[in-house]
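J.: Got a file for you: protein05.txt, compact mmCIF, C-alpha atoms.
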```txt
# COMPACT_ATOMS: atom_id res chain seq x y z
CA THR A 1 3.96 -7.56 13.75
CA GLN A 2 3.91 -9.41 10.44
CA LEU A 3 7.14 -8.88 8.55
CA LEU A 4 7.59 -9.42 4.83
CA GLU A 5 11.11 -9.66 3.51
CA GLN A 6 11.68 -8.88 -0.14
CA SER A 7 14.78 -9.88 -2.04
CA PRO A 8 16.77 -8.67 -3.71
CA GLN A 9 16.51 -5.03 -2.71
CA PHE A 10 17.89 -3.91 -6.08
CA LEU A 11 18.02 -5.73 -9.41
CA SER A 12 19.60 -4.44 -12.61
CA ILE A 13 19.38 -6.52 -15.76
CA GLN A 14 19.69 -6.21 -19.51
CA GLU A 15 16.64 -6.03 -21.72
CA GLY A 16 15.52 -9.52 -22.71
CA GLU A 17 16.75 -11.23 -19.54
CA ASN A 18 14.49 -12.87 -16.97
CA LEU A 19 14.22 -11.88 -13.32
CA THR A 20 12.61 -13.15 -10.14
CA VAL A 21 11.68 -11.19 -7.03
CA TYR A 22 11.00 -13.00 -3.78
CA CYS A 23 8.72 -12.15 -0.88
CA ASN A 24 9.07 -14.20 2.31
CA SER A 25 7.49 -14.20 5.74
CA SER A 26 7.16 -16.37 8.81
CA SER A 27 3.48 -15.37 8.99
CA VAL A 28 0.55 -16.87 7.13
CA PHE A 29 -1.53 -14.48 5.07
CA SER A 30 -5.07 -14.73 3.77
CA SER A 31 -3.90 -13.33 0.47
CA LEU A 32 -0.90 -11.61 -1.01
CA GLN A 33 -0.92 -8.65 -3.33
CA TRP A 34 1.77 -7.38 -5.65
CA TYR A 35 1.93 -3.69 -6.46
CA ARG A 36 4.11 -1.49 -8.58
CA GLN A 37 4.93 2.01 -7.36
CA GLU A 38 6.33 4.90 -9.36
CA PRO A 39 8.18 7.72 -7.54
CA GLY A 40 5.77 10.10 -5.82
CA GLU A 41 2.71 8.00 -6.65
CA GLY A 42 0.53 5.44 -4.93
CA PRO A 43 0.95 1.68 -5.29
CA VAL A 44 -0.83 0.27 -8.34
CA LEU A 45 -2.15 -3.26 -8.04
CA LEU A 46 -0.67 -5.91 -10.30
CA VAL A 47 -2.26 -9.07 -8.93
CA THR A 48 -3.85 -10.68 -5.88
CA VAL A 49 -3.12 -14.33 -5.06
CA VAL A 50 -5.34 -16.08 -2.55
CA THR A 51 -4.93 -19.84 -2.70
CA GLY A 52 -1.80 -21.63 -1.53
CA GLY A 53 0.12 -22.86 -4.57
CA GLU A 54 -1.74 -20.50 -6.88
CA VAL A 55 0.01 -19.31 -10.03
CA LYS A 56 -1.24 -16.29 -11.96
CA LYS A 57 0.09 -14.95 -15.24
CA LEU A 58 -0.20 -11.41 -16.46
CA LYS A 59 1.42 -11.25 -19.89
CA ARG A 60 5.16 -11.64 -19.18
CA LEU A 61 4.67 -11.56 -15.39
CA THR A 62 4.12 -14.78 -13.41
CA PHE A 63 3.11 -14.65 -9.76
CA GLN A 64 3.19 -17.60 -7.40
CA PHE A 65 1.81 -17.95 -3.88
CA GLY A 66 3.55 -20.51 -1.69
CA ASP A 67 1.71 -23.62 -0.58
CA ALA A 68 1.79 -22.46 3.04
CA ARG A 69 0.66 -18.93 2.09
CA LYS A 70 3.77 -17.40 3.66
CA ASP A 71 5.77 -16.52 0.58
CA SER A 72 5.42 -15.45 -3.00
CA SER A 73 7.47 -14.75 -6.09
CA LEU A 74 7.22 -12.52 -9.12
CA HIS A 75 8.93 -13.67 -12.30
CA ILE A 76 9.32 -11.44 -15.34
CA THR A 77 10.18 -13.07 -18.64
CA ALA A 78 12.10 -11.17 -21.31
CA ALA A 79 12.19 -7.95 -19.30
CA GLN A 80 11.72 -4.64 -21.10
CA PRO A 81 12.77 -1.11 -20.08
CA GLY A 82 9.08 -0.41 -19.33
CA ASP A 83 9.27 -2.96 -16.51
CA THR A 84 11.60 -0.64 -14.62
CA GLY A 85 10.09 0.34 -11.27
CA LEU A 86 9.57 -0.48 -7.61
CA TYR A 87 7.75 -3.75 -6.98
CA LEU A 88 6.05 -4.22 -3.62
CA CYS A 89 4.51 -7.30 -2.07
CA ALA A 90 1.89 -6.95 0.63
CA GLY A 91 0.39 -9.65 2.83
CA ALA A 92 -3.25 -9.27 3.76
CA ASN A 93 -4.99 -10.30 6.95
CA ASP A 94 -8.30 -9.06 8.29
CA TYR A 95 -8.19 -5.29 8.15
CA LYS A 96 -4.72 -4.42 6.88
CA LEU A 97 -1.85 -4.96 4.49
CA SER A 98 1.71 -5.50 5.66
CA PHE A 99 4.16 -4.33 3.02
CA GLY A 100 7.62 -5.46 2.14
CA ALA A 101 10.33 -2.86 1.61
CA GLY A 102 10.21 -3.36 -2.15
CA THR A 103 12.53 -4.40 -4.96
CA THR A 104 13.81 -1.73 -7.32
CA VAL A 105 14.09 -3.23 -10.79
CA THR A 106 16.09 -1.52 -13.53
CA VAL A 107 15.99 -2.92 -17.04
CA ARG A 108 18.73 -1.50 -19.28
CA ALA A 109 18.08 -1.12 -22.99
CA GLU B 1 -12.44 2.72 -14.18
CA PRO B 2 -13.30 3.82 -10.62
CA GLU B 3 -10.41 5.16 -8.62
CA VAL B 4 -9.54 6.51 -5.21
CA THR B 5 -8.84 10.23 -5.20
CA GLN B 6 -6.99 12.29 -2.60
CA THR B 7 -6.66 16.00 -1.90
CA PRO B 8 -4.50 17.95 -1.61
CA SER B 9 -1.63 16.39 -3.53
CA HIS B 10 0.85 18.33 -1.43
CA GLN B 11 0.35 19.97 1.96
CA VAL B 12 2.95 22.11 3.70
CA THR B 13 2.34 23.01 7.34
CA GLN B 14 4.12 24.37 10.37
CA MET B 15 4.93 22.10 13.30
CA GLY B 16 2.08 22.07 15.80
CA GLN B 17 -0.61 22.90 13.26
CA GLU B 18 -3.59 20.69 12.49
CA VAL B 19 -3.98 19.16 9.04
CA ILE B 20 -6.82 17.28 7.41
CA LEU B 21 -6.12 14.97 4.51
CA ARG B 22 -9.06 14.05 2.33
CA CYS B 23 -9.92 10.97 0.34
CA VAL B 24 -12.82 9.89 -1.82
CA PRO B 25 -12.86 6.08 -1.88
CA ILE B 26 -14.37 3.99 -4.66
CA SER B 27 -18.10 4.45 -4.35
CA ASN B 28 -19.30 0.92 -3.55
CA HIS B 29 -16.41 0.06 -1.25
CA LEU B 30 -17.05 -0.58 2.41
CA TYR B 31 -13.59 -0.71 3.99
CA PHE B 32 -11.28 2.28 4.15
CA TYR B 33 -7.64 2.60 5.10
CA TRP B 34 -4.84 5.05 5.64
CA TYR B 35 -1.20 4.19 5.13
CA ARG B 36 1.90 6.33 5.20
CA GLN B 37 5.30 6.12 3.59
CA ILE B 38 8.22 8.09 4.97
CA LEU B 39 10.71 8.95 2.22
CA GLY B 40 12.87 5.94 1.43
CA GLN B 41 10.97 3.63 3.76
CA LYS B 42 8.25 1.05 3.28
CA VAL B 43 4.53 1.65 3.25
CA GLU B 44 3.14 1.39 6.78
CA PHE B 45 -0.43 0.69 7.89
CA LEU B 46 -2.06 3.36 10.03
CA VAL B 47 -5.75 2.54 10.40
CA SER B 48 -8.70 0.72 8.89
CA PHE B 49 -12.32 1.84 9.09
CA TYR B 50 -15.56 0.01 8.56
CA ASN B 51 -19.17 0.77 9.39
CA ASN B 52 -18.18 4.15 10.88
CA GLU B 53 -15.76 2.59 13.32
CA ILE B 54 -12.05 1.98 13.49
CA SER B 55 -11.46 -1.73 12.83
CA GLU B 56 -7.76 -1.84 13.50
CA LYS B 57 -5.01 0.69 14.12
CA SER B 58 -1.26 0.50 14.34
CA GLU B 59 0.97 1.78 17.12
CA ILE B 60 1.73 4.77 14.90
CA PHE B 61 -1.92 5.85 15.07
CA ASP B 62 -1.80 7.56 18.45
CA ASP B 63 -4.08 10.18 20.00
CA GLN B 64 -2.97 12.90 17.62
CA PHE B 65 -4.56 11.03 14.71
CA SER B 66 -8.25 10.63 13.99
CA VAL B 67 -10.36 9.47 11.06
CA GLU B 68 -13.85 10.33 9.98
CA ARG B 69 -16.32 9.63 7.21
CA PRO B 70 -18.33 12.81 7.53
CA ASP B 71 -20.74 12.57 4.63
CA GLY B 72 -20.83 9.08 3.17
CA SER B 73 -18.35 9.82 0.41
CA ASN B 74 -15.30 11.49 1.94
CA PHE B 75 -12.88 9.77 4.29
CA THR B 76 -10.55 12.05 6.23
CA LEU B 77 -7.40 11.73 8.29
CA LYS B 78 -6.77 14.48 10.82
CA ILE B 79 -3.45 15.08 12.51
CA ARG B 80 -4.08 17.37 15.46
CA SER B 81 -0.65 18.76 16.20
CA THR B 82 1.84 17.91 13.50
CA LYS B 83 5.43 16.96 14.24
CA LEU B 84 8.45 17.00 11.99
CA GLU B 85 8.39 13.20 11.88
CA ASP B 86 4.88 13.25 10.42
CA SER B 87 6.37 14.35 7.10
CA ALA B 88 5.52 11.53 4.69
CA MET B 89 3.32 10.44 1.81
CA TYR B 90 -0.11 9.50 3.09
CA PHE B 91 -2.10 7.03 1.04
CA CYS B 92 -5.79 6.31 1.30
CA ALA B 93 -7.08 2.94 0.14
CA SER B 94 -10.43 1.23 -0.09
CA SER B 95 -11.79 -2.26 -0.65
CA TYR B 96 -15.20 -3.82 -1.04
CA GLY B 97 -14.49 -6.71 1.32
CA LEU B 98 -12.06 -7.45 4.12
CA ALA B 99 -8.36 -6.90 3.40
CA GLY B 100 -7.73 -10.60 3.71
CA THR B 101 -10.17 -11.51 0.98
CA ASP B 102 -10.45 -8.48 -1.27
CA THR B 103 -8.07 -6.19 -3.07
CA GLN B 104 -7.23 -2.75 -1.73
CA TYR B 105 -7.02 0.08 -4.25
CA PHE B 106 -4.77 3.00 -3.43
CA GLY B 107 -5.07 6.69 -4.12
CA PRO B 108 -2.21 8.79 -5.52
CA GLY B 109 -1.25 10.08 -2.08
CA THR B 110 -0.83 13.38 -0.27
CA ARG B 111 2.69 14.53 0.39
CA LEU B 112 2.76 16.15 3.83
CA THR B 113 5.70 18.36 4.66
CA VAL B 114 5.98 19.61 8.24
CA LEU B 115 8.37 22.53 8.73
```
Rewrite the coordinates I just gave you, this time as structure tokens.

T.:
Amino acid sequence: TQLLEQSPQFLSIQEGENLTVYCNSSSVFSSLQWYRQEPGEGPVLLVTVVTGGEVKKLKRLTFQFGDARKDSSLHITAAQPGDTGLYLCAGANDYKLSFGAGTTVTVRA
Amino acid sequence: EPEVTQTPSHQVTQMGQEVILRCVPISNHLYFYWYRQILGQKVEFLVSFYNNEISEKSEIFDDQFSVERPDGSNFTLKIRSTKLEDSAMYFCASSYGLAGTDTQYFGPGTRLTVL
């Protein structure tokens, strides 16, 4: 079983502040995907990182894949209330994704 | 933009009844998956399917579960005799390539309630 640990579980910040969500595992993954999930809906893909050390930017979101392909981080700059949601990381190998438990982010106006 | 669709959005059934959850993956995708999410818990892998065969399944996917691609467009998950603990959101996903190399796209889910 490949376990992904996400931290923190909950994060509440003021609009304009920065935040970082971490995703760690003892397993190596071929790629790692970050999703955002709204209540009662399916996960929506934010980004896929494949290469160890890779950094991808999506507007105010920066994603990093660890050199050893075991961990990843999501950094949001100048968070806005629209960033509020559940962020999931998922490690990919062969035929499946292994999900973390998620980080619930709340951005207060 | 192509998307994965699932029907029904909500299914209510009595314990012991059979249910079939339906999915239409993205049309040129080759790999198909089912995941479930019990309320308040993380998304769990159930099964992956490629070339009309199961590629991998989890320990959750026991003999009461089966998958089928009956007509080249639909992908179904059947639960033969539902239990209370089967109540969950069930998500279908598809990808063009292997999960390790290609992105999986998820459907909106079917909420299954077993009474």

J.: At a cut-off of 8 Å, using only C-alpha atoms, what residues contact stretch 27-37 of chain A? Leave out same-chain residues fewer than 6 positions from it and give the result as a PyMOL selection string.

T.: (chain A and resi 2-3+43-51+65+68-70+72+85-94) or (chain B and resi 100-101+103)

J.: For a quick check of understanding, using all atoms listed in the file, which of B:Glu44, B:Glu18, B:Asp63, B:Asp71 has the smallest distance to chain A?

T.: B:Glu44

J.: Tell me the residues of chain B close to chain A, meaning within 8 Å using all atoms listed in the file, as a PyMOL selection string.

T.: chain B and resi 33+41-45+47-48+55-56+91+98-101+103+105-109

J.: Given the selection you just returned, output its residues as a file containing C-alpha atoms, formatted as a short mmCIF file (atom, residue, chain, number, x, y, z; two decimals), in the frame of the given file.

T.:
```cif
data_model
loop_
_atom_site.label_atom_id
_atom_site.label_comp_id
_atom_site.auth_asym_id
_atom_site.auth_seq_id
_atom_site.Cartn_x
_atom_site.Cartn_y
_atom_site.Cartn_z
CA TYR B 33 -7.64 2.60 5.10
CA GLN B 41 10.97 3.63 3.76
CA LYS B 42 8.25 1.05 3.28
CA VAL B 43 4.53 1.65 3.25
CA GLU B 44 3.14 1.39 6.78
CA PHE B 45 -0.43 0.69 7.89
CA VAL B 47 -5.75 2.54 10.40
CA SER B 48 -8.70 0.72 8.89
CA SER B 55 -11.46 -1.73 12.83
CA GLU B 56 -7.76 -1.84 13.50
CA PHE B 91 -2.10 7.03 1.04
CA LEU B 98 -12.06 -7.45 4.12
CA ALA B 99 -8.36 -6.90 3.40
CA GLY B 100 -7.73 -10.60 3.71
CA THR B 101 -10.17 -11.51 0.98
CA THR B 103 -8.07 -6.19 -3.07
CA TYR B 105 -7.02 0.08 -4.25
CA PHE B 106 -4.77 3.00 -3.43
CA GLY B 107 -5.07 6.69 -4.12
CA PRO B 108 -2.21 8.79 -5.52
CA GLY B 109 -1.25 10.08 -2.08
#
```

J.: Taking all atoms listed in the file into account, which of B:Arg22, B:Arg111, B:Arg36, B:His10 comes nearest B:Ile60?

T.: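 Among the listed residues, the smallest separation from B:Ile60 belongs to B:Arg36.
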
J.: To test the calculation: enclose all listed atoms of stretch 48-58 of chain A in a box whose edges run along x, y and z, add 8 Å on each side, then state centre and edge lengths in Å to one decimal, as AutoDock Vina command-line options.

T.:
```
--center_x -2.6 --center_y -16.8 --center_z -9.0 --size_x 21.5 --size_y 28.2 --size_z 30.9
```

J.: Which distance in Å separates atom CA of B:Met89 and atom CA of A:His75, to one decimal?

T.: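 So the two atoms, atom CA of B:Met89 and atom CA of A:His75, lie 28.5 Å apart.
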
J.: Quote the spacing between atom CA of B:Ser94 and atom CA of B:Tyr35 in Å to one decimal place.

T.: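 Rounded to one decimal, the two atoms are 11.0 Å apart.
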
J.: State, in Å with one decimal place, the distance from atom CA of B:Gln37 to atom CA of B:Gln104.

T.: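 Going from atom CA of B:Gln37 over to atom CA of B:Gln104, I get 16.2 Å.
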
J.: Tell me which protein, DNA and RNA residues are within 8 Å of A:Val107, counting only C-alpha atoms, leaving out same-chain ones fewer than 5 positions away, and put them as a PyMOL selection string.

T.: chain A and resi 12-15+79-84

J.: In terms of the shortest atom-to-atom distance over all atoms listed in the file, which of B:Pro2, B:Gly97, B:Gly72, B:Gly40 is closest to B:Ile26?

T.: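 So, comparing all the options, the nearest one is B:Pro2.
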
J.: Please determine, counting all atoms listed in the file, which residue among B:Ala93, B:Val4, B:Ala88, B:Val114 has the shortest atom-to-atom distance to B:Leu39.

T.: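 Of all the options, B:Ala88 lies closest to B:Leu39.
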
J.: Closest to A:Asn18 among A:Gly53, A:Asp71, A:Pro39, A:Arg60, using only C-alpha atoms?

T.: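 The answer is A:Arg60, which sits nearest to A:Asn18.
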
J.: Could you tell me which of A:Ser26, A:Glu38, A:Val105, A:Gln64 comes closest to A:Gln9 if we count all atoms listed in the file?

T.: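 Residue with the minimum atom-to-atom distance to A:Gln9: A:Val105.
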
J.: Mind completing stretch 19-52 of chain A with N, CA and C atoms? Output as an mmCIF file, keeping the file's coordinate frame, please?

T.:
```cif
data_model
loop_
_atom_site.group_PDB
_atom_site.id
_atom_site.type_symbol
_atom_site.label_atom_id
_atom_site.label_comp_id
_atom_site.auth_asym_id
_atom_site.auth_seq_id
_atom_site.Cartn_x
_atom_site.Cartn_y
_atom_site.Cartn_z
ATOM 1 N N LEU A 19 13.915 -12.220 -14.710
ATOM 2 C CA LEU A 19 14.220 -11.880 -13.320
ATOM 3 C C LEU A 19 13.146 -12.449 -12.409
ATOM 4 N N THR A 20 13.545 -12.674 -11.164
ATOM 5 C CA THR A 20 12.610 -13.150 -10.140
ATOM 6 C C THR A 20 12.804 -12.331 -8.867
ATOM 7 N N VAL A 21 11.695 -11.907 -8.305
ATOM 8 C CA VAL A 21 11.680 -11.190 -7.030
ATOM 9 C C VAL A 21 10.973 -12.066 -6.010
ATOM 10 N N TYR A 22 11.533 -12.123 -4.816
ATOM 11 C CA TYR A 22 11.000 -13.000 -3.780
ATOM 12 C C TYR A 22 10.425 -12.197 -2.622
ATOM 13 N N CYS A 23 9.405 -12.779 -2.014
ATOM 14 C CA CYS A 23 8.720 -12.150 -0.880
ATOM 15 C C CYS A 23 8.489 -13.249 0.152
ATOM 16 N N ASN A 24 9.111 -13.127 1.310
ATOM 17 C CA ASN A 24 9.070 -14.200 2.310
ATOM 18 C C ASN A 24 8.641 -13.696 3.670
ATOM 19 N N SER A 25 7.939 -14.562 4.400
ATOM 20 C CA SER A 25 7.490 -14.200 5.740
ATOM 21 C C SER A 25 7.384 -15.459 6.594
ATOM 22 N N SER A 26 7.422 -15.263 7.900
ATOM 23 C CA SER A 26 7.160 -16.370 8.810
ATOM 24 C C SER A 26 5.671 -16.434 9.152
ATOM 25 N N SER A 27 4.915 -15.443 8.686
ATOM 26 C CA SER A 27 3.480 -15.370 8.990
ATOM 27 C C SER A 27 2.661 -15.910 7.818
ATOM 28 N N VAL A 28 1.498 -16.414 8.140
ATOM 29 C CA VAL A 28 0.550 -16.870 7.130
ATOM 30 C C VAL A 28 -0.391 -15.718 6.787
ATOM 31 N N PHE A 29 -0.641 -15.537 5.506
ATOM 32 C CA PHE A 29 -1.530 -14.480 5.070
ATOM 33 C C PHE A 29 -2.752 -15.048 4.349
ATOM 34 N N SER A 30 -3.858 -14.331 4.473
ATOM 35 C CA SER A 30 -5.070 -14.730 3.770
ATOM 36 C C SER A 30 -4.905 -14.567 2.264
ATOM 37 N N SER A 31 -4.200 -13.545 1.876
ATOM 38 C CA SER A 31 -3.900 -13.330 0.470
ATOM 39 C C SER A 31 -2.627 -12.493 0.381
ATOM 40 N N LEU A 32 -2.091 -12.417 -0.814
ATOM 41 C CA LEU A 32 -0.900 -11.610 -1.010
ATOM 42 C C LEU A 32 -1.082 -10.806 -2.288
ATOM 43 N N GLN A 33 -0.740 -9.549 -2.200
ATOM 44 C CA GLN A 33 -0.920 -8.650 -3.330
ATOM 45 C C GLN A 33 0.421 -8.104 -3.775
ATOM 46 N N TRP A 34 0.591 -7.997 -5.057
ATOM 47 C CA TRP A 34 1.770 -7.380 -5.650
ATOM 48 C C TRP A 34 1.361 -6.040 -6.255
ATOM 49 N N TYR A 35 2.167 -5.026 -5.941
ATOM 50 C CA TYR A 35 1.930 -3.690 -6.460
ATOM 51 C C TYR A 35 3.197 -3.196 -7.146
ATOM 52 N N ARG A 36 2.988 -2.225 -8.003
ATOM 53 C CA ARG A 36 4.110 -1.490 -8.580
ATOM 54 C C ARG A 36 3.928 -0.024 -8.208
ATOM 55 N N GLN A 37 5.024 0.627 -7.791
ATOM 56 C CA GLN A 37 4.930 2.010 -7.360
ATOM 57 C C GLN A 37 5.937 2.861 -8.098
ATOM 58 N N GLU A 38 5.454 3.928 -8.717
ATOM 59 C CA GLU A 38 6.330 4.900 -9.360
ATOM 60 C C GLU A 38 6.660 5.994 -8.345
ATOM 61 N N PRO A 39 7.787 6.672 -8.502
ATOM 62 C CA PRO A 39 8.180 7.720 -7.540
ATOM 63 C C PRO A 39 7.092 8.769 -7.363
ATOM 64 N N GLY A 40 6.736 9.067 -6.109
ATOM 65 C CA GLY A 40 5.770 10.100 -5.820
ATOM 66 C C GLY A 40 4.327 9.718 -6.084
ATOM 67 N N GLU A 41 4.073 8.443 -6.352
ATOM 68 C CA GLU A 41 2.710 8.000 -6.650
ATOM 69 C C GLU A 41 2.302 6.866 -5.719
ATOM 70 N N GLY A 42 1.019 6.522 -5.760
ATOM 71 C CA GLY A 42 0.530 5.440 -4.930
ATOM 72 C C GLY A 42 0.784 4.088 -5.566
ATOM 73 N N PRO A 43 0.783 3.039 -4.750
ATOM 74 C CA PRO A 43 0.950 1.680 -5.290
ATOM 75 C C PRO A 43 -0.190 1.332 -6.240
ATOM 76 N N VAL A 44 0.158 0.707 -7.354
ATOM 77 C CA VAL A 44 -0.830 0.270 -8.340
ATOM 78 C C VAL A 44 -0.850 -1.246 -8.350
ATOM 79 N N LEU A 45 -2.020 -1.814 -8.160
ATOM 80 C CA LEU A 45 -2.150 -3.260 -8.040
ATOM 81 C C LEU A 45 -1.776 -3.967 -9.337
ATOM 82 N N LEU A 46 -0.965 -5.021 -9.183
ATOM 83 C CA LEU A 46 -0.670 -5.910 -10.300
ATOM 84 C C LEU A 46 -1.525 -7.164 -10.229
ATOM 85 N N VAL A 47 -1.526 -7.814 -9.065
ATOM 86 C CA VAL A 47 -2.260 -9.070 -8.930
ATOM 87 C C VAL A 47 -2.527 -9.365 -7.461
ATOM 88 N N THR A 48 -3.560 -10.132 -7.204
ATOM 89 C CA THR A 48 -3.850 -10.680 -5.880
ATOM 90 C C THR A 48 -3.841 -12.202 -5.985
ATOM 91 N N VAL A 49 -3.100 -12.862 -5.114
ATOM 92 C CA VAL A 49 -3.120 -14.330 -5.060
ATOM 93 C C VAL A 49 -3.701 -14.732 -3.715
ATOM 94 N N VAL A 50 -4.564 -15.740 -3.744
ATOM 95 C CA VAL A 50 -5.340 -16.080 -2.550
ATOM 96 C C VAL A 50 -5.113 -17.529 -2.095
ATOM 97 N N THR A 51 -5.002 -18.420 -3.034
ATOM 98 C CA THR A 51 -4.930 -19.840 -2.700
ATOM 99 C C THR A 51 -3.480 -20.305 -2.638
ATOM 100 N N GLY A 52 -3.142 -21.093 -1.613
ATOM 101 C CA GLY A 52 -1.800 -21.630 -1.530
ATOM 102 C C GLY A 52 -1.469 -22.441 -2.764
#
```
